[in-house]
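Undergrad: Contents are CSV, C-alpha atoms; file name protein09.csv:
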```csv
chain,number,residue,atom,x,y,z
B,8,MET,CA,101.3,145.2,70.6
B,9,THR,CA,99.6,146.6,67.5
B,10,THR,CA,98.4,144.6,64.6
B,11,ALA,CA,100.9,146.5,62.4
B,12,SER,CA,103.8,145.4,64.5
B,13,MET,CA,102.5,141.9,64.6
B,14,THR,CA,102.3,141.9,60.9
B,15,GLU,CA,105.8,143.3,60.6
B,16,GLY,CA,107.2,140.7,62.9
B,17,ALA,CA,105.5,138.0,60.8
B,18,SER,CA,106.9,139.2,57.5
B,19,HIS,CA,110.6,138.3,58.1
B,20,SER,CA,112.4,136.5,55.2
B,21,HIS,CA,113.7,133.5,57.0
B,22,ALA,CA,112.9,130.1,55.4
B,23,VAL,CA,110.9,127.5,57.3
B,24,PHE,CA,112.2,124.0,57.3
B,25,SER,CA,109.3,122.0,55.8
B,26,ARG,CA,108.4,119.7,53.0
B,27,ALA,CA,107.4,122.6,50.9
B,28,LEU,CA,111.0,124.0,51.1
B,29,PHE,CA,112.3,120.7,49.6
B,30,LYS,CA,109.8,121.0,46.7
B,31,THR,CA,110.5,124.6,45.9
B,32,ARG,CA,114.2,124.9,46.8
B,33,PRO,CA,115.6,121.4,47.3
B,34,LEU,CA,119.3,122.5,47.6
B,35,LEU,CA,118.5,125.1,50.2
B,36,GLY,CA,116.4,122.4,52.0
B,37,VAL,CA,119.3,120.0,52.1
B,38,GLY,CA,121.7,122.7,53.3
B,39,ILE,CA,119.3,123.9,56.0
B,40,GLY,CA,118.6,120.3,57.0
B,41,PHE,CA,122.3,119.6,57.4
B,42,VAL,CA,122.8,122.6,59.6
B,43,LEU,CA,119.7,121.7,61.7
B,44,LEU,CA,121.1,118.1,62.1
B,45,LEU,CA,124.3,119.6,63.4
B,46,ARG,CA,122.3,121.7,65.8
B,47,ILE,CA,120.4,118.8,67.1
B,48,LEU,CA,123.6,116.7,67.5
B,49,MET,CA,125.3,119.5,69.3
B,50,GLY,CA,122.2,119.8,71.5
B,51,LEU,CA,122.3,116.1,72.3
B,52,MET,CA,126.0,116.4,73.1
B,53,TYR,CA,125.3,119.1,75.6
B,54,LEU,CA,122.4,117.2,77.0
B,55,GLY,CA,124.7,114.3,77.6
B,56,GLY,CA,127.1,116.6,79.3
B,57,ALA,CA,124.4,118.1,81.5
B,58,LEU,CA,123.1,114.7,82.5
B,59,ASN,CA,126.6,113.6,83.4
B,60,LYS,CA,127.0,116.7,85.7
B,61,PHE,CA,123.7,116.0,87.5
B,62,GLN,CA,124.6,112.3,87.9
B,63,ARG,CA,128.0,113.1,89.3
B,64,ASN,CA,126.5,115.7,91.6
B,65,TYR,CA,128.6,118.7,90.3
B,66,LEU,CA,126.2,121.0,92.2
B,67,PHE,CA,126.8,119.8,95.7
B,68,GLY,CA,129.6,117.2,95.6
B,69,ASP,CA,133.3,117.4,95.4
B,70,TYR,CA,133.7,115.6,92.1
B,71,PRO,CA,134.7,118.8,90.2
B,72,LEU,CA,137.5,119.4,92.8
B,73,GLU,CA,138.9,115.8,92.3
B,74,LEU,CA,138.7,116.1,88.5
B,75,PHE,CA,140.4,119.5,88.4
B,76,THR,CA,143.1,118.4,90.8
B,77,LYS,CA,143.8,115.3,88.8
B,78,ARG,CA,144.0,117.3,85.6
B,79,LEU,CA,146.3,119.8,87.2
B,80,SER,CA,148.8,116.9,87.9
B,81,GLU,CA,148.8,116.0,84.2
B,82,LEU,CA,149.7,119.5,83.0
B,83,ASP,CA,152.9,121.6,82.8
B,84,PRO,CA,152.7,123.6,86.0
B,85,ALA,CA,153.9,126.8,84.1
B,86,SER,CA,151.2,126.6,81.5
B,87,PHE,CA,148.2,128.9,81.4
B,88,PRO,CA,145.7,126.0,81.8
B,89,ALA,CA,147.5,124.9,85.0
B,90,GLN,CA,147.4,128.5,86.3
B,91,TYR,CA,143.7,128.7,85.4
B,92,LEU,CA,143.0,125.5,87.3
B,93,GLU,CA,145.2,126.3,90.3
B,94,HIS,CA,144.0,129.9,90.8
B,95,PHE,CA,140.4,129.8,89.6
B,96,ALA,CA,138.8,126.5,88.9
B,97,ILE,CA,140.1,124.6,92.0
B,98,PRO,CA,139.5,127.4,94.6
B,99,PHE,CA,136.1,128.1,93.1
B,100,TYR,CA,135.2,124.6,92.1
B,101,ARG,CA,131.7,124.8,93.5
B,102,LEU,CA,130.9,128.0,91.4
B,103,VAL,CA,132.4,126.3,88.3
B,104,GLY,CA,130.4,123.2,89.0
B,105,TRP,CA,127.2,125.2,89.1
B,106,ALA,CA,128.1,127.3,86.0
B,107,VAL,CA,128.9,124.2,83.9
B,108,THR,CA,125.9,122.2,85.1
B,109,TRP,CA,123.3,124.9,84.4
B,110,GLY,CA,125.2,126.3,81.5
B,111,GLU,CA,125.1,122.9,79.7
B,112,THR,CA,121.5,122.4,80.7
B,113,PHE,CA,120.3,125.6,79.2
B,114,VAL,CA,122.5,125.3,76.1
B,115,ALA,CA,121.0,121.8,75.5
B,116,ILE,CA,117.4,123.1,75.8
B,117,GLY,CA,118.1,126.1,73.6
B,118,LEU,CA,119.7,124.1,70.8
B,119,LEU,CA,117.3,121.2,70.9
B,120,ALA,CA,114.2,123.4,71.1
B,121,GLY,CA,115.4,126.2,68.9
B,122,LEU,CA,114.8,128.6,71.8
B,123,MET,CA,117.0,131.7,72.1
B,124,THR,CA,119.2,129.7,69.7
B,125,ARG,CA,121.9,132.4,69.1
B,126,LEU,CA,122.3,133.0,72.8
B,127,SER,CA,122.4,129.3,73.5
B,128,SER,CA,125.1,129.0,70.8
B,129,LEU,CA,127.1,131.7,72.4
B,130,GLY,CA,126.8,129.9,75.7
B,131,ALA,CA,128.0,126.7,74.1
B,132,LEU,CA,131.0,128.6,72.7
B,133,PHE,CA,131.7,130.1,76.1
B,134,ILE,CA,131.8,126.6,77.6
B,135,ILE,CA,134.0,125.3,74.9
B,136,VAL,CA,136.5,128.2,75.4
B,137,ASN,CA,136.6,127.5,79.1
B,138,PHE,CA,137.2,123.8,78.5
B,139,ALA,CA,140.1,124.7,76.3
B,140,ILE,CA,141.8,127.2,78.7
B,141,GLY,CA,140.9,125.0,81.7
B,142,GLY,CA,143.3,122.3,80.6
B,143,TYR,CA,141.0,120.2,78.4
B,144,TYR,CA,142.0,121.6,75.0
B,145,ASP,CA,142.2,119.3,72.0
B,146,ALA,CA,141.6,119.9,68.3
B,147,SER,CA,138.0,118.7,68.5
B,148,LEU,CA,137.1,121.9,70.3
B,149,ILE,CA,138.1,123.9,67.2
B,150,VAL,CA,135.6,122.1,65.1
B,151,LEU,CA,132.9,122.3,67.8
B,152,GLY,CA,133.5,126.0,68.3
B,153,ALA,CA,133.2,126.6,64.5
B,154,ILE,CA,129.9,124.7,64.5
B,155,CYS,CA,128.6,126.9,67.4
B,156,LEU,CA,129.6,130.0,65.4
B,157,LEU,CA,127.4,128.7,62.6
B,158,PHE,CA,124.4,128.7,64.9
B,159,VAL,CA,125.2,132.2,66.1
B,160,PHE,CA,125.2,133.7,62.6
B,161,LEU,CA,122.5,131.6,61.0
B,162,PRO,CA,118.8,131.9,62.0
B,163,THR,CA,118.4,128.2,62.8
B,164,GLY,CA,115.8,128.9,65.5
B,165,HIS,CA,113.6,130.4,62.8
B,166,TRP,CA,114.1,127.5,60.4
B,167,LEU,CA,113.0,125.1,63.1
B,168,GLY,CA,112.3,126.1,66.6
B,169,TYR,CA,110.4,128.3,69.1
B,170,ASP,CA,112.4,131.4,68.1
B,171,ARG,CA,110.3,131.9,64.9
B,172,ARG,CA,107.0,132.0,66.8
B,173,LEU,CA,108.4,134.1,69.7
B,174,ASN,CA,110.0,136.5,67.2
B,175,GLN,CA,106.6,137.1,65.6
B,176,ARG,CA,105.1,137.8,69.0
B,177,TYR,CA,108.1,139.9,70.3
B,178,PRO,CA,109.8,141.3,67.2
B,179,ASP,CA,112.0,143.7,69.1
B,180,ASN,CA,113.4,141.1,71.5
B,181,ILE,CA,117.0,140.3,70.5
B,182,PHE,CA,116.9,136.9,72.1
B,183,PHE,CA,114.5,135.6,69.5
B,184,LYS,CA,116.2,137.2,66.4
R,212,MET,CA,108.0,121.8,68.8
R,213,ARG,CA,105.8,120.4,71.5
R,214,THR,CA,107.2,116.9,70.6
R,215,THR,CA,110.7,118.2,70.9
R,216,THR,CA,110.0,119.7,74.3
R,217,ILE,CA,108.4,116.4,75.5
R,218,ILE,CA,111.3,114.3,74.2
R,219,THR,CA,113.9,116.7,75.7
R,220,ALA,CA,112.1,116.5,79.1
R,221,ALA,CA,111.8,112.7,78.9
R,222,LEU,CA,115.5,112.4,78.1
R,223,PHE,CA,116.3,114.5,81.2
R,224,VAL,CA,114.1,112.4,83.4
R,225,TRP,CA,115.6,109.2,82.1
R,226,GLY,CA,119.1,110.5,82.4
R,227,CYS,CA,118.6,111.7,86.0
R,228,SER,CA,116.8,108.5,87.0
R,229,GLY,CA,120.0,107.0,88.4
R,230,PRO,CA,123.6,107.7,88.8
R,231,PRO,CA,126.2,105.7,86.9
R,232,PRO,CA,128.0,103.0,89.0
R,233,ALA,CA,130.4,104.8,91.2
R,234,PRO,CA,134.0,104.1,90.0
R,235,VAL,CA,136.1,102.3,92.6
R,236,GLU,CA,138.5,104.9,93.8
R,237,VAL,CA,142.0,103.4,94.1
R,238,GLU,CA,145.4,104.8,93.9
R,239,LEU,CA,146.9,104.0,90.5
R,240,ARG,CA,150.7,103.6,90.2
R,241,ALA,CA,150.4,103.7,86.4
R,242,GLY,CA,147.2,105.5,85.9
R,243,VAL,CA,146.9,106.6,82.3
R,244,SER,CA,143.5,108.0,81.3
R,245,GLU,CA,141.6,106.4,78.4
R,246,PHE,CA,140.0,109.8,77.8
R,247,CYS,CA,143.0,112.1,77.5
R,248,THR,CA,143.9,113.0,73.9
R,249,THR,CA,146.7,115.5,74.6
R,250,CYS,CA,148.6,113.7,77.4
R,251,ASN,CA,152.2,112.8,76.9
R,252,ASP,CA,152.6,110.0,79.4
R,253,VAL,CA,155.9,108.5,80.5
R,254,ILE,CA,155.9,105.1,82.3
R,255,VAL,CA,159.2,103.7,83.6
R,256,CYS,CA,159.3,99.9,83.9
R,257,GLU,CA,162.2,98.1,85.7
R,258,ARG,CA,162.8,94.4,85.5
R,259,ALA,CA,162.6,92.7,88.8
R,260,ASP,CA,166.0,90.9,88.7
R,261,VAL,CA,168.6,89.7,86.3
R,262,ASP,CA,167.1,86.2,86.3
R,263,THR,CA,163.6,87.3,85.4
R,264,ALA,CA,163.0,87.5,81.6
R,265,ALA,CA,166.6,87.9,80.9
R,266,ASP,CA,165.9,88.7,77.2
R,267,LEU,CA,164.1,91.9,78.4
R,268,PRO,CA,166.2,95.0,78.9
R,269,PRO,CA,166.6,96.0,82.6
R,270,VAL,CA,164.7,99.2,82.0
R,271,ILE,CA,162.1,100.2,79.4
R,272,VAL,CA,160.6,103.7,79.3
R,273,TYR,CA,157.3,103.8,77.5
R,274,ASN,CA,156.3,107.2,76.1
R,275,LEU,CA,152.6,107.2,75.2
R,276,LEU,CA,152.2,110.0,72.7
R,277,PRO,CA,149.4,112.5,72.3
R,278,ASP,CA,146.8,111.9,69.6
R,279,THR,CA,147.4,113.6,66.3
R,280,PHE,CA,145.2,116.6,65.2
R,281,TRP,CA,142.8,114.5,63.2
R,282,GLN,CA,142.6,111.8,65.9
R,283,GLN,CA,141.6,114.5,68.3
R,284,VAL,CA,138.9,115.8,65.9
R,285,ALA,CA,137.7,112.2,65.4
R,286,THR,CA,136.9,112.0,69.1
R,287,ILE,CA,133.8,114.1,68.5
R,288,TRP,CA,132.2,110.9,67.0
R,289,ASP,CA,133.3,108.9,70.1
R,290,TRP,CA,131.7,111.4,72.4
R,291,LEU,CA,128.5,111.5,70.3
R,292,ILE,CA,127.9,107.8,70.4
R,293,GLN,CA,129.1,107.2,74.0
R,294,TRP,CA,125.5,106.6,75.1
R,295,ILE,CA,125.5,103.6,72.9
R,296,LYS,CA,129.2,102.7,73.0
R,297,PRO,CA,130.9,104.2,76.1
R,298,ILE,CA,134.6,105.1,75.8
R,299,THR,CA,136.5,102.4,77.7
R,300,ILE,CA,139.6,101.7,75.5
R,301,ASP,CA,142.2,104.0,74.0
R,302,VAL,CA,144.9,103.0,71.6
R,303,ARG,CA,147.9,105.3,71.8
R,304,ALA,CA,151.0,105.6,69.6
R,305,MET,CA,154.1,104.9,71.7
R,306,THR,CA,157.9,105.1,71.6
R,307,ALA,CA,159.9,102.7,73.8
R,308,TYR,CA,163.3,103.5,75.2
R,309,GLU,CA,165.3,100.5,76.3
R,310,LEU,CA,168.1,101.1,78.8
R,311,ASP,CA,170.5,99.1,80.9
R,312,SER,CA,170.1,101.6,83.7
R,313,LEU,CA,167.8,104.6,84.3
R,314,ASP,CA,170.6,106.8,85.8
R,315,ASN,CA,172.9,106.5,82.8
R,316,GLY,CA,173.4,104.7,79.6
R,317,GLU,CA,172.3,105.4,76.1
R,318,PRO,CA,168.8,104.2,75.1
R,319,ARG,CA,167.8,102.0,72.2
R,320,VAL,CA,164.8,103.8,70.7
R,321,VAL,CA,161.9,101.6,69.4
R,322,PRO,CA,159.4,103.9,67.7
R,323,GLY,CA,156.1,103.1,66.0
R,324,GLN,CA,154.7,101.0,68.7
R,325,GLN,CA,151.2,101.0,70.2
R,326,ALA,CA,149.8,100.8,73.7
R,327,THR,CA,146.2,100.0,74.5
R,328,VAL,CA,144.7,101.6,77.7
R,329,ASN,CA,141.8,99.6,79.0
R,330,GLY,CA,139.9,101.6,81.6
R,331,PRO,CA,137.6,99.0,83.1
R,332,GLU,CA,140.3,96.4,83.3
R,333,ARG,CA,142.8,99.0,84.5
R,334,ARG,CA,145.5,97.6,82.2
R,335,ILE,CA,147.9,99.1,79.6
R,336,ALA,CA,148.7,96.5,77.0
R,337,VAL,CA,152.3,96.9,75.6
R,338,PRO,CA,154.2,94.8,73.2
R,339,GLY,CA,154.7,91.4,74.7
R,340,GLY,CA,152.7,92.0,77.9
R,341,TYR,CA,150.8,94.5,79.9
R,342,ILE,CA,151.0,96.8,82.9
R,343,ASP,CA,148.6,96.7,85.8
R,344,GLN,CA,147.5,100.3,86.4
R,345,VAL,CA,146.7,99.7,90.1
R,346,SER,CA,149.8,97.9,91.3
R,347,GLY,CA,152.2,99.0,88.6
R,348,ASP,CA,153.2,95.3,88.1
R,349,TRP,CA,154.7,94.6,84.7
R,350,TYR,CA,153.6,91.3,83.2
R,351,ARG,CA,154.9,89.3,80.3
R,352,SER,CA,152.5,87.2,78.3
R,353,GLY,CA,153.6,83.8,77.2
R,354,THR,CA,152.4,80.4,76.2
R,355,ASP,CA,152.5,79.4,79.8
R,356,GLY,CA,150.4,82.4,80.9
R,357,ASP,CA,151.2,85.8,82.3
R,358,ARG,CA,154.3,86.2,84.4
R,359,ARG,CA,155.3,89.2,86.5
R,360,VAL,CA,158.6,90.5,85.4
R,361,GLY,CA,159.0,93.9,87.1
R,362,GLN,CA,157.5,97.1,88.3
R,363,CYS,CA,156.3,100.2,86.5
R,364,GLU,CA,155.4,103.7,87.5
R,365,LEU,CA,153.8,106.6,85.7
R,366,LEU,CA,156.0,109.7,86.1
R,367,LYS,CA,154.6,113.1,87.0
R,368,PHE,CA,154.4,115.5,84.1
R,369,VAL,CA,157.6,117.5,85.0
R,370,ASP,CA,159.6,114.4,85.8
R,371,GLY,CA,158.5,112.6,82.6
R,372,LEU,CA,159.3,115.6,80.5
R,373,ALA,CA,162.8,115.9,82.0
R,374,LEU,CA,163.5,112.2,81.4
R,375,LEU,CA,162.3,112.4,77.8
R,376,ARG,CA,164.6,115.3,77.1
R,377,ARG,CA,167.5,113.4,78.6
R,378,LEU,CA,166.7,110.3,76.6
R,379,GLN,CA,166.2,112.1,73.3
R,380,GLY,CA,169.3,114.1,73.8
R,381,THR,CA,171.5,111.0,74.1
R,382,ASP,CA,169.5,109.0,71.5
R,383,GLN,CA,171.8,107.0,69.3
R,384,GLY,CA,168.9,105.6,67.2
R,385,GLY,CA,168.5,108.8,65.4
R,386,GLU,CA,164.9,109.1,66.4
R,387,THR,CA,163.6,112.2,68.1
R,388,SER,CA,159.9,112.8,68.9
```
Could you write out this structure as structure tokens?
TA:
Amino acid sequence: MTTASMTEGASHSHAVFSRALFKTRPLLGVGIGFVLLLRILMGLMYLGGALNKFQRNYLFGDYPLELFTKRLSELDPASFPAQYLEHFAIPFYRLVGWAVTWGETFVAIGLLAGLMTRLSSLGALFIIVNFAIGGYYDASLIVLGAICLLFVFLPTGHWLGYDRRLNQRYPDNIFFK
Amino acid sequence: MRTTTIITAALFVWGCSGPPPAPVEVELRAGVSEFCTTCNDVIVCERADVDTAADLPPVIVYNLLPDTFWQQVATIWDWLIQWIKPITIDVRAMTAYELDSLDNGEPRVVPGQQATVNGPERRIAVPGGYIDQVSGDWYRSGTDGDRRVGQCELLKFVDGLALLRRLQGTDQGGETS
């Protein structure tokens, strides 16, 4: 990596969340602070979800099978979520258990640490969509999905997170944009 | 960022340090989940005999309604604080249909009621008493204590929907949900 490219990588225009920002542009500071708070809260929510998966042994136990089977009994058999559970989630419950456990884990780390934040947010959105079509839809998922989209389009990992430093070191890497 | 990493790792270790108490797995005759926000539950309660609580109708069909849009959105807060205050109780809007017989007869509709689902106690509180989720026993609360007055059962989704359609089609109270 040349000095020039390192300099180019360091000259991006994203703000940094700091005390100086509040002094120079207080409204922007408050706005960024609010979005970062949402990111941390979303990260904590996924962290809680991930811990729950490990504690209930989603990786090697049969809890996902019991959960999906119970949920199937609560749904209209002709509905899409019922079909999704019956033909995908239940037969492949072990795969779904692994995907959800590790997915929530990496999303939590990404959002809390500001690491590959946009990719983590896309992962969070993917999990939310699968919850919805898997029979666990409710209106709160709309709000959570909208918040995840916010993190996809805004450079929150550069405001506060590892993405800023990693983007300076690897400016062409899309995961740290 | 190092602090965030350490805190995240510590939270993981703390969370994985022990599983939650394993829930006692029992068959529930009137098992309504305290977590479900979109469920439309139908519980049929039949009085034990003509001499028991003669002021009660022979049959009451309790329809626990799904949460409204904003109630579902508000559950985001419940999930966020569940590490401090776990979700154990759910208050559901309810409509009661009072009948002389389940097979025929026109119902008297009593809208605007509430049922409280208590997960740990495995009870559903209804006006004037409660339903034991495990046994399905229907209890009436009085000055001389709780008295068993009949038996309840949660209907499967398809059966519940069919019964609701029949009750709402022959409704003389003018209320349809």
Undergrad: Nearest residue to chain B out of R:Asn251, R:Gly356, R:Glu245, R:Asp348, using all atoms listed in the file?
TA: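 Checking each candidate against chain B, we get R:Asn251 as the closest.
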Undergrad: I need the chain B residues near chain R as a ChimeraX atom specification; criterion: at most 10 Å, counting only C-alpha atoms.
TA: /B:48-64,78-84,112,115-116,119-121,142-151,167-169
Undergrad: Mind pulling up the distance from atom CA of Val103 of chain B to atom CA of Arg46 of chain B?
TA: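 That distance, rounded to one decimal, is 25.1 Å.
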Undergrad: How far is it from atom CA of Arg303 of chain R to atom CA of Asp289 of chain R, in Å with one decimal?
TA: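 Interatomic distance here is 15.1 Å.
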Undergrad: Using only C-alpha atoms, find all polymer residues with an atom at most 6 Å away from the point (145.8, 102.6, 86.5); report them as number ranges by chain.
TA: R: 239, 241-243, 333, 344-345
Undergrad: Quick one: residues within 10 Å of Gly347 of chain R, only C-alpha atoms counted, chain neighbours fewer than 3 positions away excluded, as a list in words?
TA: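 Skipping anything fewer than 3 positions along the chain leaves Leu239, Arg240, Ala241, Gly242, Ile254, Val255, Cys256, Arg334, Ile335, Tyr341, Ile342, Asp343, Gln344, Tyr350, Gly361, Gln362, Cys363, Glu364 and Leu365 of chain R.
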Undergrad: Got a sec to check which residues sit within 6 Å of (130.5, 119.0, 84.8), counting all atoms listed in the file, and write them as a PyMOL selection string?
TA: chain B and resi 60+65+104+107-108
Undergrad: Please list as a list in words every residue within 10 Å of His21 of chain B, counting only C-alpha atoms and excluding residues in the same chain fewer than 4 positions away.
TA: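 Result of the neighbour search: Leu161, Pro162, Thr163, Gly164, His165, Trp166 and Arg171 of chain B.
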Undergrad: Starting from the sparse input, extend segment 109-136 of chain B to N, CA and C atoms and give the output as a short mmCIF file (atom, residue, chain, number, x, y, z; two decimals), keeping the file's coordinate frame.
TA:
```cif
data_model
loop_
_atom_site.label_atom_id
_atom_site.label_comp_id
_atom_site.auth_asym_id
_atom_site.auth_seq_id
_atom_site.Cartn_x
_atom_site.Cartn_y
_atom_site.Cartn_z
N TRP B 109 124.45 124.12 84.95
CA TRP B 109 123.30 124.90 84.40
C TRP B 109 123.56 125.42 83.05
N GLY B 110 124.81 125.77 82.79
CA GLY B 110 125.20 126.30 81.50
C GLY B 110 124.88 125.21 80.40
N GLU B 111 125.37 124.00 80.65
CA GLU B 111 125.10 122.90 79.70
C GLU B 111 123.65 122.58 79.55
N THR B 112 122.95 122.68 80.67
CA THR B 112 121.50 122.40 80.70
C THR B 112 120.77 123.36 79.74
N PHE B 113 121.02 124.65 79.95
CA PHE B 113 120.30 125.60 79.20
C PHE B 113 120.73 125.67 77.72
N VAL B 114 121.99 125.40 77.49
CA VAL B 114 122.50 125.30 76.10
C VAL B 114 121.78 124.13 75.40
N ALA B 115 121.67 123.00 76.09
CA ALA B 115 121.00 121.80 75.50
C ALA B 115 119.57 122.12 75.13
N ILE B 116 118.86 122.74 76.08
CA ILE B 116 117.40 123.10 75.80
C ILE B 116 117.33 124.04 74.67
N GLY B 117 118.17 125.06 74.69
CA GLY B 117 118.10 126.10 73.60
C GLY B 117 118.38 125.51 72.26
N LEU B 118 119.38 124.65 72.16
CA LEU B 118 119.70 124.10 70.80
C LEU B 118 118.70 123.08 70.37
N LEU B 119 118.22 122.26 71.29
CA LEU B 119 117.30 121.20 70.90
C LEU B 119 115.91 121.82 70.52
N ALA B 120 115.48 122.83 71.28
CA ALA B 120 114.20 123.40 71.10
C ALA B 120 114.19 124.61 70.12
N GLY B 121 115.38 125.05 69.74
CA GLY B 121 115.40 126.20 68.90
C GLY B 121 114.93 127.46 69.64
N LEU B 122 115.27 127.56 70.90
CA LEU B 122 114.80 128.60 71.80
C LEU B 122 116.00 129.50 72.18
N MET B 123 115.90 130.79 71.86
CA MET B 123 117.00 131.70 72.10
C MET B 123 118.30 131.05 71.56
N THR B 124 118.19 130.60 70.33
CA THR B 124 119.20 129.70 69.70
C THR B 124 120.57 130.42 69.65
N ARG B 125 120.57 131.68 69.21
CA ARG B 125 121.90 132.40 69.10
C ARG B 125 122.53 132.54 70.44
N LEU B 126 121.74 132.88 71.44
CA LEU B 126 122.30 133.00 72.80
C LEU B 126 122.78 131.69 73.32
N SER B 127 122.02 130.63 73.06
CA SER B 127 122.40 129.30 73.50
C SER B 127 123.75 128.91 72.80
N SER B 128 123.88 129.28 71.53
CA SER B 128 125.10 129.00 70.80
C SER B 128 126.29 129.72 71.38
N LEU B 129 126.07 130.97 71.77
CA LEU B 129 127.10 131.70 72.40
C LEU B 129 127.50 131.10 73.75
N GLY B 130 126.50 130.60 74.45
CA GLY B 130 126.80 129.90 75.70
C GLY B 130 127.59 128.65 75.46
N ALA B 131 127.24 127.91 74.40
CA ALA B 131 128.00 126.70 74.10
C ALA B 131 129.45 127.05 73.75
N LEU B 132 129.63 128.14 73.02
CA LEU B 132 131.00 128.60 72.70
C LEU B 132 131.77 129.00 73.90
N PHE B 133 131.10 129.67 74.81
CA PHE B 133 131.70 130.10 76.10
C PHE B 133 132.22 128.88 76.85
N ILE B 134 131.38 127.85 76.91
CA ILE B 134 131.80 126.60 77.60
C ILE B 134 132.95 125.96 76.96
N ILE B 135 132.93 125.92 75.64
CA ILE B 135 134.00 125.30 74.90
C ILE B 135 135.35 126.05 75.16
N VAL B 136 135.29 127.38 75.13
CA VAL B 136 136.50 128.20 75.40
C VAL B 136 137.03 127.88 76.79
#
```
